[in-house]
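Enquirer: mmCIF, C-alpha atoms, saved as my_file27.cif, coming up:
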data_work
#
loop_
_atom_site.label_atom_id
_atom_site.label_comp_id
_atom_site.auth_asym_id
_atom_site.auth_seq_id
_atom_site.Cartn_x
_atom_site.Cartn_y
_atom_site.Cartn_z
CA MET P 1 130.49 95.77 105.38
CA LYS P 2 127.51 96.85 103.31
CA SER P 3 124.70 99.01 104.65
CA ILE P 4 121.38 98.05 103.09
CA ALA P 5 118.16 99.97 103.73
CA ILE P 6 114.91 98.02 103.48
CA SER P 7 111.33 99.25 103.65
CA GLY P 8 108.19 97.26 104.45
CA ILE P 9 109.21 96.37 108.00
CA ASN P 10 105.58 96.16 109.13
CA ASP P 11 105.79 92.57 110.30
CA THR P 12 102.11 92.39 111.29
CA ASP P 13 99.23 90.12 110.25
CA ASN P 14 99.46 92.00 106.93
CA PRO P 15 103.22 91.69 106.71
CA GLY P 16 105.54 93.63 104.48
CA PRO P 17 108.57 91.92 102.93
CA GLY P 18 111.18 93.97 104.82
CA VAL P 19 111.84 91.71 107.79
CA GLY P 20 112.16 88.64 105.54
CA ILE P 21 114.63 90.50 103.33
CA ALA P 22 116.66 91.68 106.33
CA ARG P 23 116.68 88.19 107.85
CA SER P 24 117.86 86.71 104.55
CA LEU P 25 120.71 89.24 104.35
CA LYS P 26 121.76 88.60 107.95
CA GLU P 27 121.85 84.87 107.25
CA SER P 28 123.92 85.52 104.14
CA ASP P 29 126.50 87.64 105.90
CA SER P 30 126.06 88.79 109.49
CA SER P 31 128.26 91.81 108.78
CA PHE P 32 125.51 93.32 106.62
CA LYS P 33 124.18 96.41 108.34
CA THR P 34 120.39 96.28 107.87
CA ILE P 35 118.56 99.59 108.04
CA GLY P 36 114.78 99.67 108.34
CA LEU P 37 112.83 102.40 106.55
CA SER P 38 109.55 102.79 108.39
CA TYR P 39 106.35 104.79 107.90
CA ASP P 40 104.94 104.00 111.33
CA ILE P 41 106.78 104.19 114.64
CA GLN P 42 104.89 101.10 115.80
CA ASP P 43 106.12 98.93 112.93
CA PRO P 44 107.42 95.78 114.66
CA GLY P 45 110.58 95.92 112.54
CA ASN P 46 111.60 99.08 114.39
CA TYR P 47 112.02 96.98 117.52
CA MET P 48 113.41 93.76 115.98
CA ASP P 49 117.06 94.59 116.53
CA PHE P 50 118.03 90.96 115.99
CA VAL P 51 117.40 91.42 112.25
CA ILE P 52 117.27 95.18 111.74
CA ASP P 53 120.21 97.07 113.17
CA LYS P 54 118.76 100.55 113.01
CA SER P 55 115.58 102.03 111.63
CA TYR P 56 114.48 105.45 110.46
CA VAL P 57 111.05 106.97 110.07
CA MET P 58 110.56 108.08 106.48
CA PRO P 59 108.41 110.82 104.97
CA TYR P 60 105.53 109.45 102.91
CA PRO P 61 106.32 109.06 99.21
CA THR P 62 103.17 111.08 98.46
CA HIS P 63 104.94 114.11 99.96
CA GLY P 64 107.48 114.03 97.15
CA TRP P 65 110.92 112.80 96.25
CA GLU P 66 112.94 115.61 97.83
CA GLY P 67 111.98 114.64 101.37
CA VAL P 68 112.77 110.98 100.75
CA LYS P 69 116.09 111.82 99.11
CA GLU P 70 117.04 114.13 101.94
CA ARG P 71 116.25 111.42 104.47
CA LEU P 72 118.29 108.80 102.60
CA LEU P 73 121.24 111.20 102.38
CA TYR P 74 120.94 111.88 106.12
CA ILE P 75 121.10 108.12 106.79
CA LYS P 76 124.06 107.78 104.42
CA GLU P 77 125.92 110.54 106.21
CA ARG P 78 125.14 109.23 109.69
CA ILE P 79 125.69 105.49 109.40
CA GLY P 80 126.44 104.77 105.75
CA LEU P 81 124.02 103.62 103.06
CA ASP P 82 125.14 101.55 100.08
CA MET P 83 121.86 100.21 98.75
CA VAL P 84 118.14 100.70 99.21
CA MET P 85 115.63 97.89 98.66
CA PRO P 86 112.12 99.41 98.56
CA SER P 87 109.47 96.73 98.93
CA LEU P 88 106.12 98.49 99.22
CA ASP P 89 103.90 98.97 96.16
CA ALA P 90 103.09 102.60 96.97
CA GLU P 91 106.74 103.72 97.05
CA LEU P 92 108.03 101.75 94.07
CA PRO P 93 107.09 104.21 91.27
CA MET P 94 109.09 106.95 93.00
CA TYR P 95 112.17 104.81 93.62
CA ILE P 96 112.01 103.48 90.05
CA LYS P 97 111.78 107.01 88.66
CA TYR P 98 114.76 108.25 90.67
CA GLN P 99 116.95 105.13 90.64
CA ASP P 100 119.57 106.82 88.41
CA GLU P 101 119.74 109.79 90.74
CA LEU P 102 120.24 107.45 93.68
CA SER P 103 123.00 105.72 91.76
CA ASP P 104 124.69 109.09 91.20
CA LEU P 105 124.49 109.67 94.94
CA GLY P 106 126.26 106.37 95.57
CA ILE P 107 123.15 104.44 96.61
CA LYS P 108 122.52 101.27 94.63
CA THR P 109 119.13 99.75 93.80
CA LEU P 110 117.93 96.72 91.88
CA LEU P 111 114.66 97.80 90.36
CA PRO P 112 112.71 97.32 87.13
CA THR P 113 112.34 100.14 84.63
CA THR P 114 109.15 102.20 84.57
CA LYS P 115 108.10 100.34 81.41
CA GLN P 116 108.59 97.00 83.17
CA PHE P 117 106.77 98.26 86.27
CA ASN P 118 103.76 99.17 84.12
CA LEU P 119 103.42 95.54 83.01
CA ARG P 120 101.93 94.74 86.39
CA ALA P 121 99.03 97.18 85.85
CA LYS P 122 95.80 95.24 85.75
CA ASP P 123 95.01 96.48 82.22
CA ALA P 124 98.38 95.23 80.92
CA LEU P 125 98.16 91.73 82.36
CA ASP P 126 96.00 90.32 79.57
CA GLU P 127 98.70 90.98 76.98
CA VAL P 128 101.49 89.86 79.32
CA SER P 129 99.61 86.61 79.96
CA LYS P 130 99.14 86.00 76.23
CA ASN P 131 102.87 86.53 75.66
CA LEU P 132 103.62 83.96 78.35
CA GLY P 133 101.11 81.43 77.01
CA ILE P 134 98.86 81.63 80.06
CA ILE P 135 95.39 83.03 80.73
CA TYR P 136 94.33 86.24 82.43
CA PRO P 137 90.80 85.88 83.83
CA LYS P 138 88.44 88.49 82.45
CA ILE P 139 88.48 91.70 84.49
CA LEU P 140 86.23 94.76 84.37
CA LYS P 141 86.90 98.23 85.78
CA VAL P 142 84.00 99.85 87.59
CA ALA P 143 83.58 103.29 89.09
CA SER P 144 79.92 103.28 90.18
CA ILE P 145 77.38 100.90 91.72
CA ARG P 146 75.56 100.78 88.38
CA GLU P 147 78.75 99.70 86.60
CA LEU P 148 79.39 97.18 89.36
CA GLU P 149 75.95 95.63 88.83
CA ILE P 150 76.54 95.37 85.07
CA ALA P 151 79.95 93.75 85.68
CA LEU P 152 78.48 91.25 88.16
CA LYS P 153 75.83 90.26 85.64
CA GLU P 154 78.46 89.66 82.96
CA LEU P 155 80.96 87.78 85.12
CA GLU P 156 78.47 85.85 87.34
CA PHE P 157 79.01 84.72 90.93
CA PRO P 158 81.29 83.92 92.58
CA CYS P 159 83.71 86.59 91.38
CA VAL P 160 86.45 88.73 92.88
CA VAL P 161 86.11 92.41 93.80
CA LYS P 162 89.52 94.05 94.16
CA GLY P 163 91.31 97.36 94.42
CA ASN P 164 93.78 98.54 91.82
CA TYR P 165 96.67 98.02 94.25
CA TYR P 166 95.38 96.47 97.46
CA LYS P 167 92.67 94.15 98.74
CA ALA P 168 90.71 91.44 96.98
CA TYR P 169 87.59 89.63 98.13
CA VAL P 170 85.63 86.72 96.71
CA VAL P 171 81.96 87.67 96.63
CA HIS P 172 78.91 85.45 96.21
CA ASN P 173 76.04 87.92 95.82
CA THR P 174 75.30 91.54 94.98
CA ALA P 175 75.02 92.71 98.60
CA GLU P 176 78.44 91.29 99.41
CA ALA P 177 79.90 92.82 96.24
CA VAL P 178 78.51 96.28 97.04
CA LYS P 179 79.85 96.05 100.62
CA ARG P 180 83.38 95.18 99.39
CA TYR P 181 83.19 97.78 96.62
CA SER P 182 82.42 100.46 99.23
CA GLU P 183 85.09 99.24 101.65
CA ILE P 184 87.86 99.20 99.06
CA SER P 185 86.91 102.44 97.33
CA ASN P 186 86.63 104.26 100.68
CA GLU P 187 90.13 103.15 101.64
CA TRP P 188 91.99 103.09 98.34
CA GLY P 189 89.86 105.02 95.85
CA PHE P 190 88.96 104.06 92.28
CA PRO P 191 88.86 102.18 90.01
CA ILE P 192 87.50 99.01 91.53
CA LEU P 193 88.06 95.84 89.55
CA VAL P 194 85.73 92.89 89.21
CA GLN P 195 87.33 89.69 88.01
CA LYS P 196 86.02 86.35 86.88
CA MET P 197 86.67 83.59 89.42
CA VAL P 198 88.79 80.72 88.19
CA GLN P 199 89.25 77.25 89.61
CA GLY P 200 92.56 75.91 90.83
CA GLU P 201 95.23 76.15 93.45
CA GLU P 202 96.80 79.50 94.29
CA LEU P 203 100.49 79.04 93.56
CA ASN P 204 103.08 81.79 93.67
CA VAL P 205 106.62 82.17 92.38
CA VAL P 206 109.26 84.50 93.75
CA GLY P 207 112.33 85.33 91.70
CA VAL P 208 114.88 87.92 90.66
CA GLY P 209 115.72 88.90 87.09
CA ASP P 210 119.12 90.21 86.02
CA GLY P 211 117.77 92.72 83.50
CA LYS P 212 119.25 90.76 80.61
CA GLY P 213 116.78 87.91 80.47
CA ALA P 214 118.21 85.49 83.02
CA VAL P 215 116.90 84.56 86.44
CA LEU P 216 119.03 84.62 89.57
CA GLY P 217 116.76 82.07 91.20
CA LEU P 218 113.13 80.96 91.48
CA VAL P 219 111.06 79.31 94.18
CA ALA P 220 107.39 78.32 93.90
CA ALA P 221 105.06 77.89 96.84
CA LYS P 222 101.46 77.15 97.62
CA LYS P 223 99.58 79.18 100.20
CA THR P 224 98.24 76.62 102.66
CA THR P 225 96.84 79.14 105.15
CA THR P 226 95.98 82.77 104.54
CA THR P 227 95.01 85.65 106.82
CA SER P 228 91.56 87.24 106.69
CA LEU P 229 93.08 89.62 104.11
CA GLY P 230 94.14 86.68 101.97
CA LYS P 231 97.81 87.15 102.84
CA PHE P 232 100.23 84.25 102.75
CA TRP P 233 100.55 82.86 106.28
CA ASN P 234 101.61 79.22 106.00
CA GLY P 235 102.99 77.72 102.83
CA MET P 236 104.41 74.65 101.15
CA SER P 237 107.26 74.63 98.64
CA ILE P 238 106.29 73.03 95.36
CA VAL P 239 108.04 72.23 92.11
CA HIS P 240 105.62 72.88 89.26
CA PRO P 241 107.75 72.72 86.10
CA ARG P 242 105.27 74.59 83.90
CA LEU P 243 104.81 77.41 86.41
CA LEU P 244 108.56 77.80 86.87
CA GLU P 245 108.94 77.84 83.09
CA VAL P 246 106.38 80.64 82.85
CA ALA P 247 108.40 82.64 85.41
CA ARG P 248 111.60 82.09 83.41
CA GLU P 249 109.82 83.15 80.24
CA PHE P 250 108.52 86.28 81.98
CA VAL P 251 112.07 87.31 82.91
CA LYS P 252 113.43 86.41 79.49
CA HIS P 253 110.67 88.05 77.45
CA TYR P 254 110.61 91.31 79.40
CA GLN P 255 114.30 91.39 80.43
CA TRP P 256 112.99 91.87 83.94
CA ARG P 257 115.39 93.51 86.38
CA GLY P 258 115.00 93.01 90.11
CA PRO P 259 112.76 91.02 92.41
CA PHE P 260 109.27 89.92 91.43
CA GLU P 261 106.44 87.64 92.46
CA LEU P 262 103.96 85.99 90.12
CA GLU P 263 100.64 85.16 91.74
CA CYS P 264 98.81 82.51 89.76
CA MET P 265 95.88 80.12 89.93
CA VAL P 266 96.89 76.74 88.61
CA ASP P 267 94.58 73.97 87.49
CA GLY P 268 96.79 71.12 86.29
CA ASP P 269 98.86 72.63 83.50
CA THR P 270 96.44 75.51 82.95
CA ILE P 271 97.86 78.64 84.52
CA TYR P 272 95.91 81.80 85.21
CA MET P 273 97.75 85.03 85.95
CA ILE P 274 96.39 86.87 88.95
CA GLU P 275 99.06 89.45 89.72
CA ILE P 276 102.64 90.47 89.13
CA ASN P 277 104.28 92.11 92.12
CA PRO P 278 107.42 94.05 91.12
CA ARG P 279 109.13 93.42 94.44
CA PHE P 280 109.88 90.69 96.92
CA PRO P 281 106.76 89.24 98.57
CA ALA P 282 106.37 89.01 102.35
CA TRP P 283 107.15 85.27 102.16
CA VAL P 284 110.60 85.87 100.60
CA TYR P 285 112.33 84.29 103.59
CA PHE P 286 110.72 80.97 102.64
CA ALA P 287 112.92 80.91 99.53
CA THR P 288 115.96 81.57 101.70
CA GLY P 289 114.81 78.80 104.02
CA VAL P 290 114.78 76.26 101.18
CA GLY P 291 118.28 77.31 100.11
CA ILE P 292 117.65 80.04 97.52
CA ASN P 293 118.64 83.32 99.16
CA LEU P 294 117.23 85.80 96.66
CA PRO P 295 117.88 89.03 98.63
CA GLU P 296 121.54 88.00 98.91
CA ARG P 297 121.73 87.38 95.15
CA ALA P 298 119.99 90.70 94.43
CA VAL P 299 122.59 92.55 96.50
CA GLN P 300 125.42 90.65 94.84
CA LEU P 301 124.08 91.57 91.39
CA ALA P 302 123.68 95.23 92.37
CA PHE P 303 127.31 95.27 93.58
CA ASP P 304 128.58 93.48 90.45
CA GLU P 305 129.69 90.53 92.55
CA ALA P 306 129.48 86.87 91.61
CA TYR P 307 126.20 85.19 92.50
CA SER P 308 124.74 81.74 92.33
CA THR P 309 121.85 81.00 89.97
CA GLN P 310 121.24 77.58 91.47
CA SER P 311 117.48 77.01 91.68
CA GLU P 312 117.18 73.41 92.85
CA TYR P 313 115.16 73.13 96.03
CA ALA P 314 113.03 70.51 97.71
CA ALA P 315 109.25 70.35 97.33
CA GLY P 316 107.35 69.69 100.55
CA LYS P 317 109.13 72.17 102.80
CA MET P 318 106.69 74.11 104.95
CA MET P 319 106.76 77.71 106.03
CA ILE P 320 105.02 78.17 109.37
CA ARG P 321 104.41 81.73 110.51
CA TYR P 322 103.74 82.44 114.14
CA THR P 323 103.20 85.43 116.36
CA TYR P 324 105.79 86.40 118.93
CA GLU P 325 105.96 89.00 121.64
CA LYS P 326 108.90 91.38 121.77
CA ILE P 327 109.14 93.55 124.83
CA ALA P 328 110.45 97.04 124.16
CA ASP P 329 110.88 100.11 126.32
CA VAL P 330 109.04 103.39 126.03
CA SER P 331 112.41 104.98 125.31
CA ASP P 332 112.45 103.04 122.01
CA LEU P 333 109.08 104.53 121.09
CA SER P 334 110.11 107.96 122.30
CA ASN P 335 113.23 108.05 120.17
CA LEU P 336 111.29 107.03 117.08
CA ALA P 337 108.61 109.66 117.78
CA THR P 338 110.94 112.52 118.59
CA GLN P 339 114.14 111.76 116.68
CA GLY P 340 112.62 109.71 113.86
CA GLU P 341 115.01 106.84 114.40
CA SER P 342 115.36 103.80 116.60
CA LEU P 343 117.80 103.76 119.45
CA ASN P 344 121.14 102.20 118.76
CA LYS P 345 121.41 98.62 120.02
CA GLY P 346 121.73 98.49 123.80
CA ASP P 347 120.71 102.13 124.32
CA ALA P 348 117.26 101.41 125.79
CA ASN P 349 116.95 101.87 129.58
CA GLU P 350 120.14 103.88 129.72
CA MET E 1 107.83 61.29 84.67
CA ASN E 2 104.04 61.45 85.20
CA ARG E 3 102.49 63.01 88.26
CA LEU E 4 101.63 59.71 89.90
CA ASP E 5 105.29 58.69 89.74
CA MET E 6 106.27 62.05 91.23
CA LEU E 7 103.88 61.58 94.16
CA ALA E 8 105.83 61.20 97.41
CA LEU E 9 104.24 58.28 99.25
CA ASN E 10 105.28 56.83 102.59
CA GLU E 11 104.44 53.49 104.17
CA LYS E 12 101.89 55.13 106.48
CA GLY E 13 99.81 56.22 103.52
CA PHE E 14 100.72 59.91 103.50
CA ALA E 15 101.06 61.18 99.95
CA PHE E 16 102.37 64.57 98.81
CA ASP E 17 102.05 65.97 95.29
CA PRO E 18 105.14 68.18 94.76
CA MET E 19 103.52 69.99 91.82
CA SER E 20 100.38 71.20 93.55
CA GLY E 21 101.40 71.06 97.21
CA GLU E 22 98.33 68.88 97.88
CA SER E 23 98.63 66.11 100.44
CA PHE E 24 96.43 63.06 100.86
CA SER E 25 95.91 60.39 103.52
CA LEU E 26 95.51 56.98 101.92
CA ASN E 27 94.38 53.69 103.39
CA GLU E 28 96.27 50.47 102.89
CA SER E 29 94.34 49.40 99.80
CA ALA E 30 94.82 52.82 98.16
CA VAL E 31 98.59 52.61 98.74
CA LYS E 32 98.53 49.14 97.20
CA MET E 33 96.59 50.39 94.18
CA ILE E 34 98.98 53.30 93.58
CA THR E 35 101.93 50.94 93.81
CA LEU E 36 100.31 48.65 91.22
CA ILE E 37 99.24 51.47 88.91
CA ARG E 38 102.82 52.73 88.95
CA LYS E 39 103.81 49.29 87.70
CA GLU E 40 101.33 49.87 84.85
CA GLU E 41 98.99 47.11 85.96
CA ASP E 42 95.42 47.51 84.69
CA ALA E 43 92.17 47.55 86.72
CA LYS E 44 91.54 43.83 86.30
CA SER E 45 95.01 42.88 87.43
CA ILE E 46 94.76 45.31 90.38
CA ALA E 47 91.37 43.82 91.34
CA THR E 48 92.85 40.32 91.34
CA ARG E 49 95.64 41.44 93.70
CA LEU E 50 93.23 43.32 95.97
CA SER E 51 90.85 40.37 96.21
CA GLU E 52 93.78 38.15 97.25
CA ASP E 53 95.25 40.57 99.79
CA PHE E 54 92.13 42.11 101.35
CA ASP E 55 89.56 39.31 101.37
CA VAL E 56 87.06 41.01 99.04
CA SER E 57 85.31 39.67 95.98
CA PHE E 58 86.88 40.31 92.59
CA ASN E 59 83.82 42.30 91.51
CA ASP E 60 83.95 44.61 94.53
CA ALA E 61 87.71 45.05 94.11
CA TYR E 62 87.29 45.79 90.40
CA THR E 63 84.67 48.48 91.14
CA ASP E 64 86.94 49.97 93.81
CA ALA E 65 89.91 50.00 91.44
CA LEU E 66 87.92 51.78 88.71
CA GLU E 67 86.57 54.36 91.18
CA PHE E 68 90.03 54.98 92.59
CA MET E 69 91.49 55.48 89.12
CA GLU E 70 88.72 58.01 88.40
CA LYS E 71 89.67 59.89 91.58
CA LEU E 72 93.30 59.98 90.52
CA LYS E 73 92.24 61.37 87.14
CA HIS E 74 90.06 63.96 88.88
CA HIS E 75 93.10 65.16 90.86
CA GLY E 76 95.16 65.27 87.67
CA LEU E 77 97.41 62.46 88.87
CA MET E 78 96.52 60.08 86.03
CA ASP E 79 95.80 60.67 82.35
#
Could I get this file's structure written as structure tokens?
Expert:
Amino acid sequence: MKSIAISGINDTDNPGPGVGIARSLKESDSSFKTIGLSYDIQDPGNYMDFVIDKSYVMPYPTHGWEGVKERLLYIKERIGLDMVMPSLDAELPMYIKYQDELSDLGIKTLLPTTKQFNLRAKDALDEVSKNLGIIYPKILKVASIRELEIALKELEFPCVVKGNYYKAYVVHNTAEAVKRYSEISNEWGFPILVQKMVQGEELNVVGVGDGKGAVLGLVAAKKTTTTSLGKFWNGMSIVHPRLLEVAREFVKHYQWRGPFELECMVDGDTIYMIEINPRFPAWVYFATGVGINLPERAVQLAFDEAYSTQSEYAAGKMMIRYTYEKIADVSDLSNLATQGESLNKGDANE
Amino acid sequence: MNRLDMLALNEKGFAFDPMSGESFSLNESAVKMITLIRKEEDAKSIATRLSEDFDVSFNDAYTDALEFMEKLKHHGLMD
């Protein structure tokens, strides 16, 4: 039995990938022990004991590595911990930096290198796109309203105002742009990015690279419904040969190791890079649902076990998200608040 | 295989493009036209078949066939 810790268990209307990863692992092998790493005691994943066996409240990565390491070692000592799969952008740099130390402590990871991680920085994407034979829409960094106005004049409306890590809004006039600029900078700081709007369908690819240039599997999907934050809600599996080829080339060219998502705009065979996410996306279970269980393959690679690289799947499969009510007891909340961990299964109401 | 050949099309006129994820609802004459275009029939030949099957003049059918082919090109389904 393997114990795998997974972060991003905020299965809300702005979902993290954690629950989809845990569900994929449970479907691969029900003996997997799935451990949720949570930053908020109200994260739904803390209460979803049908996919996450036990969860622990974690110190914020901004408070430093020592606290995180101590917490992981505590979990390892208490219930066992063989691998950690971080899946939130804000914690990835730290886990990437200390992945060798974790390995020395007997905790496996499957993460890119720091150099690979830096490829997803907005100012690196132009060169990455050129190397992949695709286009990166022009993007300008701004740090003041004056710079924003100059950028808007150059790029013209509509364009996209986005944060360096989170949030992106299409804007159609200066007032709207200033409003979004203020919102994002107040929440996430600077710089703010303004990007030229491109035509096409938003198509995404999820995959895992083996670190030697080969892919463990790829699945492409179209967002058919998004949340107000632009997050993937409903989707359709697609087979776009050129887009899948770009994803293969990305893994090959950069020897990418670990999970990734390419977010692209596609107009026929013209592909625009929007973002590279160096982790599984929140829709990762969709890949599992069409027969390509990427979290399972990632674990198998990390454990030096045999894995499938089969990537044939059907186009036209739909992912339908829905909301669901789980009833928990205040004792669940209490244990998370006071002990920093969920109750063991069946302990509520005792 | 070109994109029109890849289009999944059922008898009720529901078409799905596996490359873009787009789906379309087609009427009977549009289904007929796609079937004929896949057989590499040209606009004149398609118009002749449409005028026989749907009780329209050849000229109207020819205009419809040309417009439909333009729409397919617009959606990237035809070169």
Enquirer: For Ala8 in chain E, work out the shell of residues within 7 Å, counting only C-alpha atoms and skipping chain neighbours fewer than 3 positions away, then give it as a list in words.
Expert: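 Those residues are Ala15, Phe16 and Asp17 of chain E.
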Enquirer: Could you give me, as a Markdown table, every chain P residue with an atom at most 6 Å from chain E, plus its closest atom pair and distance in Å to one decimal, counting only C-alpha atoms, rows ordered by chain then number?
Expert:
| residue | atom | partner | partner_atom | distance |
| --- | --- | --- | --- | --- |
| P:Ile238 | CA | E:Pro18 | CA | 5.0 |
| P:Val239 | CA | E:Met19 | CA | 5.1 |
| P:His240 | CA | E:Met19 | CA | 4.4 |
| P:Ala315 | CA | E:Pro18 | CA | 5.3 |
Enquirer: Which residues match the PyMOL selection byres ((chain P and resi 1-17) around 7) in the file above, as JSON, numbers by chain?
Expert: {"P": [18, 19, 20, 21, 31, 32, 33, 34, 35, 36, 37, 38, 43, 44, 45, 80, 81, 82, 83, 84, 85, 86, 87, 88, 231, 280, 281, 282, 283, 284]}
Enquirer: CA of Gln339 in chain P and CA of Tyr56 in chain P, how far apart in Å?
Expert: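 Separation between CA of Tyr56 in chain P and CA of Gln339 in chain P: 8.9 Å.
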Enquirer: I would like the residues chosen by the PyMOL selection byres ((chain E and resi 50-67) around 10) on the shown file; could you give them as a PyMOL selection string?
Expert: chain E and resi 28-30+32-34+37+42-49+68-73
Enquirer: Could you make a table, as JSON lines, of the residues of range 31-115 of chain P that have an atom within 10 Å of an atom of range 204-210 of chain P, each with its nearest atom pair and distance in Å to one decimal, counting only C-alpha atoms, in chain and number order?
Expert:
{"residue": "P:Leu110", "atom": "CA", "partner": "P:Asp210", "partner_atom": "CA", "distance": 8.8}
{"residue": "P:Leu111", "atom": "CA", "partner": "P:Gly209", "partner_atom": "CA", "distance": 9.5}
{"residue": "P:Pro112", "atom": "CA", "partner": "P:Gly209", "partner_atom": "CA", "distance": 8.9}
Enquirer: Please identify all polymer residues within 9 Å of Ile320 in chain P, counting all atoms listed in the file, omitting same-chain residues fewer than 6 positions from it, and present them as a ChimeraX atom specification.
Expert: /P:233-236
Enquirer: Output the selection as a compact mmCIF listing (two decimals), keeping the file's coordinate frame - C-alpha atoms for each residue.
Expert:
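New file result-v5.txt:
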# COMPACT_ATOMS: atom_id res chain seq x y z
CA TRP P 233 100.55 82.86 106.28
CA ASN P 234 101.61 79.22 106.00
CA GLY P 235 102.99 77.72 102.83
CA MET P 236 104.41 74.65 101.15
Enquirer: To one decimal place, how far is CA of Ser182 in chain P from CA of Ala121 in chain P in Å?
Expert: 21.6 Å
Enquirer: What is the CA of Lys162 in chain P-CA of Ile184 in chain P distance in Å, reported with one decimal?
Expert: 7.3 Å
Enquirer: Hey, what comes out of the PyMOL selection byres ((chain P and resi 139-154) around 8) on this file? Could you write it as a ChimeraX atom specification?
Expert: /P:137-138,155-157,159,174,178,190-196
Enquirer: Distance cut-off 10 Å, centre (118.0, 72.6, 93.3) in file coordinates, counting all atoms listed in the file: which residues qualify? Return them as an mmCIF file with C-alpha atoms, in the coordinates of the input.
Expert:
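That gives us part09.cif:
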data_model
loop_
_atom_site.group_PDB
_atom_site.id
_atom_site.type_symbol
_atom_site.label_atom_id
_atom_site.label_comp_id
_atom_site.auth_asym_id
_atom_site.auth_seq_id
_atom_site.Cartn_x
_atom_site.Cartn_y
_atom_site.Cartn_z
ATOM 1 C CA GLY P 217 116.760 82.070 91.200
ATOM 2 C CA LEU P 218 113.130 80.960 91.480
ATOM 3 C CA VAL P 219 111.060 79.310 94.180
ATOM 4 C CA VAL P 290 114.780 76.260 101.180
ATOM 5 C CA GLY P 291 118.280 77.310 100.110
ATOM 6 C CA ILE P 292 117.650 80.040 97.520
ATOM 7 C CA THR P 309 121.850 81.000 89.970
ATOM 8 C CA GLN P 310 121.240 77.580 91.470
ATOM 9 C CA SER P 311 117.480 77.010 91.680
ATOM 10 C CA GLU P 312 117.180 73.410 92.850
ATOM 11 C CA TYR P 313 115.160 73.130 96.030
ATOM 12 C CA ALA P 314 113.030 70.510 97.710
ATOM 13 C CA ALA P 315 109.250 70.350 97.330
#
Enquirer: So for range 281-288 of chain P, what box centre and size do we get, axis-aligned, 4 Å extra on each of the six sides, every listed atom, Å to one decimal, as AutoDock Vina command-line options?
Expert:
--center_x 111.2 --center_y 85.1 --center_z 101.1 --size_x 17.6 --size_y 16.3 --size_z 13.0
Enquirer: Could you pull the residues within 10 Å of Leu343 in chain P, counting only C-alpha atoms, minus those fewer than 4 positions along the same chain, as a list in words?
Expert: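 Counting only the stated atoms, we get Asn46, Tyr47, Asp49, Asp53, Lys54, Ser55, Tyr56, Ser331, Asp332, Leu333, Ser334, Asn335, Leu336, Gln339, Asp347 and Ala348 of chain P.
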Enquirer: Which residues are close to Leu26 in chain E, i.e. within 7 Å by only C-alpha atoms, leaving aside same-chain residues fewer than 3 positions away? Reply as a VMD selection string.
Expert: chain E and resid 13 to 14 30 to 31
Enquirer: Taking all atoms listed in the file into account, which of P:Val198, P:Leu105, P:Leu125, P:Cys264 comes nearest Val170 in chain P?
Expert: P:Val198
Enquirer: Can you tell me, as a list of chain:residue names, which residues sit within 12 Å of (113.0, 109.2, 88.2) in the file's frame, using only C-alpha atoms?
Expert: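 Residues with an atom at most 12 Å from (113.0, 109.2, 88.2): P:Gly64, P:Trp65, P:Glu66, P:Lys69, P:Leu92, P:Pro93, P:Met94, P:Tyr95, P:Ile96, P:Lys97, P:Tyr98, P:Gln99, P:Asp100, P:Glu101, P:Leu102, P:Ser103, P:Leu111, P:Pro112, P:Thr113, P:Thr114.
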Enquirer: Could you check which of E:Asp79, E:Thr35, E:Glu40, E:Asn27 is closest to Lys12 in chain E, using all atoms listed in the file?
Expert: E:Asn27
